[in-house]
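One structure is given below, encoded as structure tokens.
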Amino acid sequence: MFCTALNYICMRILGEGPDGGQENACARARSWIRDHGGVKHIPSWGKTWLSILGVFDWCGCNPMPPEFWILPSFLPMHPAKMWCNCRMVYMPMSYLYGKRFVAPITPLILQLREELYTEPYEKVNWMKARHLCAKEDLYYPHPLIQDLIWDSLYIFTEPLLTRWPFNKLVREKALQVTMKHIHYEDENSRYITLGAVEKALCMLACWVEDPNGDAFKKHLARLPDYLWISEDGMTMQSFGSQQWDAGFAIQALLATNLIEEIGPALAKGHDFIKKSQVRDNPSGDFKNMYRHISKGSWTFSDQDHGWQVSDCTAEGLK
């Protein structure tokens with residue numbers, strides 16, 4: 001459901017009609033989506049993107065409150081305890097959720113609302129839709145305690161945090177702290193961020209904060225790091241693997257016993273790996289930003305990326 005719905009919407013945005021695409025791709029995708037309960041069965045990340053676009057409603061998303069970022073860091077549910085890839089995705093998501101950002105509703109968005117649901121958009125039970133997920137996308141069923149926590153946040157906490165005075169005293173503070181973390185992570189990865197999912201979300205969050213700001217412009221400048229032209233058109237990669245690939249390639253060349261013939265290639269490879277080593281820790285008081293030492297390590301891609309990886313560091317040292 002996740003990929004089918006997003007690809008269908010992308011094709012429609014790019015100008016294909018409801019029955020357009022090669023071999024009636026749009027018609028077949030829409031039929032599959034509706035046969036599987038409609039787009040309200042898309043997983044949580046899809047619900048987020050569709051809410052941003054205006055094809056879904058934020059009321060149909062389980063809470064992602066930015067207030068988690070202002071909780072004491074010793075609490076087990078604080079984002080500091082999360083795996084970095086998880087934390088970096090939900091950080092901008094929580095900002096966009098807290099802002100309830102929705103793009104302008106165009107005629108195309110209204111058409112998508114008609115095409116992707118099995119019932120009128122105005123009659124969708126958003127509260128029930130929060131827990132819906134197509135069986136094809138459900139890798140691990142929600143435990144009851146998880147649903148209870150979500151329901152408690154949805155029913156009791158969110159109505160409180162979105163009303164005066166808490167929307168000014170608490171939510172605004174949480175949004176400011178969350179954006180502070182977004183800017184910190186952007187700056188310390190030279191606006192590459194940790195990966196493609198985070199890149200798109202952080203860039204959008206910066207645009208929502210200030211469409212003409214330097215942060216958004218710096219994000220735009222690093223888009224070519226993710227995009228490349230393959231034999232079947234423009235492709236987006238998760239993020240670069242330059243150092244990881246170079247390390248194994250050099251070890252493979254060394255194993256050929258052709259060192260004399262390939263000396264210049266080995267020298268260039270060694271120079272690249274040497275220059276890819278991270279020279280500094282994250283800026284400022286990085287421990288309070290929930291980062292660790294990185295000086296002397298290697299990343300998966302290059303020095304700009306800034307996120308140390310243990311096995312990449314091991315291969316770099318070899």
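Following the order of the structure tokens, chains are lettered A, B, ..., residues in each are numbered from 1, and ligands are numbered from 1.
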Exercise for the section: Check the DSSP output for the backbone and give back, as a ChimeraX atom specification, the residues of range 118-310 of chain A in strand (DSSP E or B). Expected result: /A:227-230,233-236
Exercise for the section: Apply DSSP to the backbone of this structure and, from range 12-155 of chain A, keep only the residues in alpha helix (DSSP H); write these as a ChimeraX atom specification. Expected result: /A:12-13,25-35,44-53,84-99,107-115,126-129,144-152
Kindly save the residues from that selection, with C-alpha atoms included, as a PDB file, in the first residue's frame.
ATOM      1  CA  ARG A  12      -0.709  12.082 -10.958  1.00  0.00           C
ATOM      2  CA  ILE A  13       1.412  15.044  -9.809  1.00  0.00           C
ATOM      3  CA  ALA A  25      -0.489   1.823 -14.535  1.00  0.00           C
ATOM      4  CA  CYS A  26      -2.603   4.440 -12.750  1.00  0.00           C
ATOM      5  CA  ALA A  27      -5.864   2.569 -13.236  1.00  0.00           C
ATOM      6  CA  ARG A  28      -4.354  -0.704 -12.039  1.00  0.00           C
ATOM      7  CA  ALA A  29      -2.722   0.955  -9.028  1.00  0.00           C
ATOM      8  CA  ARG A  30      -5.938   2.739  -8.046  1.00  0.00           C
ATOM      9  CA  SER A  31      -7.895  -0.493  -8.385  1.00  0.00           C
ATOM     10  CA  TRP A  32      -5.414  -2.306  -6.123  1.00  0.00           C
ATOM     11  CA  ILE A  33      -5.520   0.485  -3.529  1.00  0.00           C
ATOM     12  CA  ARG A  34      -9.324   0.538  -3.408  1.00  0.00           C
ATOM     13  CA  ASP A  35      -9.561  -3.270  -3.381  1.00  0.00           C
ATOM     14  CA  SER A  44       2.207   5.634   9.395  1.00  0.00           C
ATOM     15  CA  TRP A  45       4.919   7.209   7.236  1.00  0.00           C
ATOM     16  CA  GLY A  46       2.487   7.286   4.329  1.00  0.00           C
ATOM     17  CA  LYS A  47      -0.179   8.844   6.545  1.00  0.00           C
ATOM     18  CA  THR A  48       2.322  11.568   7.420  1.00  0.00           C
ATOM     19  CA  TRP A  49       3.253  12.390   3.819  1.00  0.00           C
ATOM     20  CA  LEU A  50      -0.369  12.314   2.675  1.00  0.00           C
ATOM     21  CA  SER A  51      -1.388  14.607   5.559  1.00  0.00           C
ATOM     22  CA  ILE A  52       1.313  17.060   4.489  1.00  0.00           C
ATOM     23  CA  LEU A  53      -0.002  16.898   0.928  1.00  0.00           C
ATOM     24  CA  CYS A  84      19.874   7.571  15.250  1.00  0.00           C
ATOM     25  CA  ASN A  85      18.056   6.705  11.996  1.00  0.00           C
ATOM     26  CA  CYS A  86      14.748   6.442  13.852  1.00  0.00           C
ATOM     27  CA  ARG A  87      15.367   9.643  15.788  1.00  0.00           C
ATOM     28  CA  MET A  88      16.347  11.599  12.690  1.00  0.00           C
ATOM     29  CA  VAL A  89      13.147  10.593  10.874  1.00  0.00           C
ATOM     30  CA  TYR A  90      10.719  11.367  13.681  1.00  0.00           C
ATOM     31  CA  MET A  91      12.436  14.637  14.608  1.00  0.00           C
ATOM     32  CA  PRO A  92      11.237  16.576  11.509  1.00  0.00           C
ATOM     33  CA  MET A  93       8.049  14.490  11.430  1.00  0.00           C
ATOM     34  CA  SER A  94       7.213  15.662  14.949  1.00  0.00           C
ATOM     35  CA  TYR A  95       7.859  19.269  13.916  1.00  0.00           C
ATOM     36  CA  LEU A  96       5.544  19.006  10.909  1.00  0.00           C
ATOM     37  CA  TYR A  97       2.960  17.172  13.029  1.00  0.00           C
ATOM     38  CA  GLY A  98       3.161  19.834  15.739  1.00  0.00           C
ATOM     39  CA  LYS A  99       2.686  22.575  13.138  1.00  0.00           C
ATOM     40  CA  PRO A 107      -8.047  20.691  -7.699  1.00  0.00           C
ATOM     41  CA  LEU A 108      -5.636  17.755  -8.081  1.00  0.00           C
ATOM     42  CA  ILE A 109      -5.661  17.128  -4.328  1.00  0.00           C
ATOM     43  CA  LEU A 110      -9.462  17.120  -4.346  1.00  0.00           C
ATOM     44  CA  GLN A 111      -9.408  14.591  -7.199  1.00  0.00           C
ATOM     45  CA  LEU A 112      -6.990  12.362  -5.288  1.00  0.00           C
ATOM     46  CA  ARG A 113      -9.317  12.443  -2.294  1.00  0.00           C
ATOM     47  CA  GLU A 114     -12.047  11.043  -4.528  1.00  0.00           C
ATOM     48  CA  GLU A 115      -9.851   8.485  -6.270  1.00  0.00           C
ATOM     49  CA  TRP A 126     -10.063   9.470  11.111  1.00  0.00           C
ATOM     50  CA  MET A 127      -9.863   8.256  14.691  1.00  0.00           C
ATOM     51  CA  LYS A 128     -10.343   4.676  13.521  1.00  0.00           C
ATOM     52  CA  ALA A 129      -8.023   5.174  10.542  1.00  0.00           C
ATOM     53  CA  LEU A 144      -1.934  -3.545  22.885  1.00  0.00           C
ATOM     54  CA  ILE A 145       0.155  -1.307  25.141  1.00  0.00           C
ATOM     55  CA  GLN A 146       1.363   0.647  22.099  1.00  0.00           C
ATOM     56  CA  ASP A 147      -2.186   1.312  20.934  1.00  0.00           C
ATOM     57  CA  LEU A 148      -3.199   2.312  24.462  1.00  0.00           C
ATOM     58  CA  ILE A 149      -0.365   4.844  24.661  1.00  0.00           C
ATOM     59  CA  TRP A 150      -1.278   6.268  21.256  1.00  0.00           C
ATOM     60  CA  ASP A 151      -4.965   6.459  22.210  1.00  0.00           C
ATOM     61  CA  SER A 152      -4.126   8.231  25.471  1.00  0.00           C
TER      62      SER A 152
END
Handout entry: Shell around Ile250 in chain A at 9 Å using only C-alpha atoms, local window under 5 positions removed, as a PyMOL selection string
Key = chain A and resi 245+255+265-266+269-270
Restrict the selected residues to C-alpha atoms and save them as a PDB file, in the first residue's frame.
ATOM      1  CA  ASP A 245      32.887   1.010  -1.452  1.00  0.00           C
ATOM      2  CA  ALA A 255      44.487  -9.194  -3.198  1.00  0.00           C
ATOM      3  CA  ALA A 265      44.868   3.637  -8.603  1.00  0.00           C
ATOM      4  CA  LEU A 266      45.855   2.431  -5.136  1.00  0.00           C
ATOM      5  CA  GLY A 269      42.208   5.291  -3.304  1.00  0.00           C
ATOM      6  CA  HIS A 270      44.441   5.709  -0.276  1.00  0.00           C
TER       7      HIS A 270
END
Handout entry: Shortest interatomic distance to Asn62 in chain A - which of A:Glu158, A:Glu172, A:Glu23, A:Glu16, counting only C-alpha atoms
Key =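 Going through A:Glu158, A:Glu172, A:Glu23, A:Glu16 one by one, the smallest distance to Asn62 in chain A is for A:Glu158.
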Problem - Point-to-point distance from CA of Thr313 in chain A to CA of Thr299 in chain A, Å rounded to tenths - result: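 Between CA of Thr313 in chain A and CA of Thr299 in chain A the gap is 7.0 Å.
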Exercise for the section: List the neighbours of range 275-290 of chain A out to 9 Å using only C-alpha atoms; skip same-chain residues closer than 2 positions along the sequence, and give me the result as a ChimeraX atom specification. Expected result: /A:79-81,181,184-185,187-189,243,270-273,292-299,301-308,313,316
Practice task
May I have the residues within 8 Å of Met1 in chain A as a VMD selection string, using only C-alpha atoms and disregarding those fewer than 5 positions away in the same chain?
Solution key: chain A and resid 33 39 41 to 43 134 136 to 137
Serialized selection, C-alpha atoms, as a short mmCIF file (atom, residue, chain, number, x, y, z; two decimals), in the first residue's frame:
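The resulting file, out_12.cif, is reproduced below:
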data_model
loop_
_atom_site.label_atom_id
_atom_site.label_comp_id
_atom_site.auth_asym_id
_atom_site.auth_seq_id
_atom_site.Cartn_x
_atom_site.Cartn_y
_atom_site.Cartn_z
CA ILE A 33 -5.52 0.48 -3.53
CA VAL A 39 -5.48 4.77 1.13
CA HIS A 41 -4.80 1.66 5.17
CA ILE A 42 -1.41 3.18 4.29
CA PRO A 43 1.27 2.79 7.05
CA ALA A 134 -2.84 -3.05 5.04
CA GLU A 136 0.78 -6.44 3.07
CA ASP A 137 2.56 -3.59 4.92
#
Handout entry: Contact residues around Lys173 in chain A with only C-alpha atoms at 10 Å, ignoring same-chain residues under 4 positions, as a list in words
Key =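 The contact residues come out as Pro66, Glu67, Trp69, Ile70, Phe166, Asn167, Lys168, Leu169, Val177, Thr178 and Met179 of chain A.
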Keeping only C-alpha atoms, write the selected residues to a file as a compact mmCIF listing (two decimals), in the first residue's frame.
# COMPACT_ATOMS: atom_id res chain seq x y z
CA PRO A 66 7.37 17.42 19.52
CA GLU A 67 7.05 17.67 23.31
CA TRP A 69 12.15 16.70 22.82
CA ILE A 70 11.64 18.79 25.96
CA PHE A 166 -0.66 25.16 26.45
CA ASN A 167 -0.28 25.72 22.72
CA LYS A 168 1.74 28.84 23.58
CA LEU A 169 3.47 27.70 26.75
CA VAL A 177 13.59 23.00 20.56
CA THR A 178 12.82 20.49 17.82
CA MET A 179 13.84 22.96 15.11
Practice task
Write out as number ranges by chain each polymer residue whose atoms come within 8 Å of Lys40 in chain A, counting only C-alpha atoms; drop sequence neighbours fewer than 3 positions from it.
Solution key: A: 37, 47, 56, 117, 129, 132-133
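You will find CA of Val208 in chain A at 17.0 Å from CA of Pro65 in chain A.
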Exercise for the section: Go through A:Val55, A:Met82, A:Val197, A:Ala215 and flag the residue nearest His183 in chain A, using only C-alpha atoms for the distances. Expected result: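 Ranked by minimum distance to His183 in chain A, first place goes to A:Ala215.
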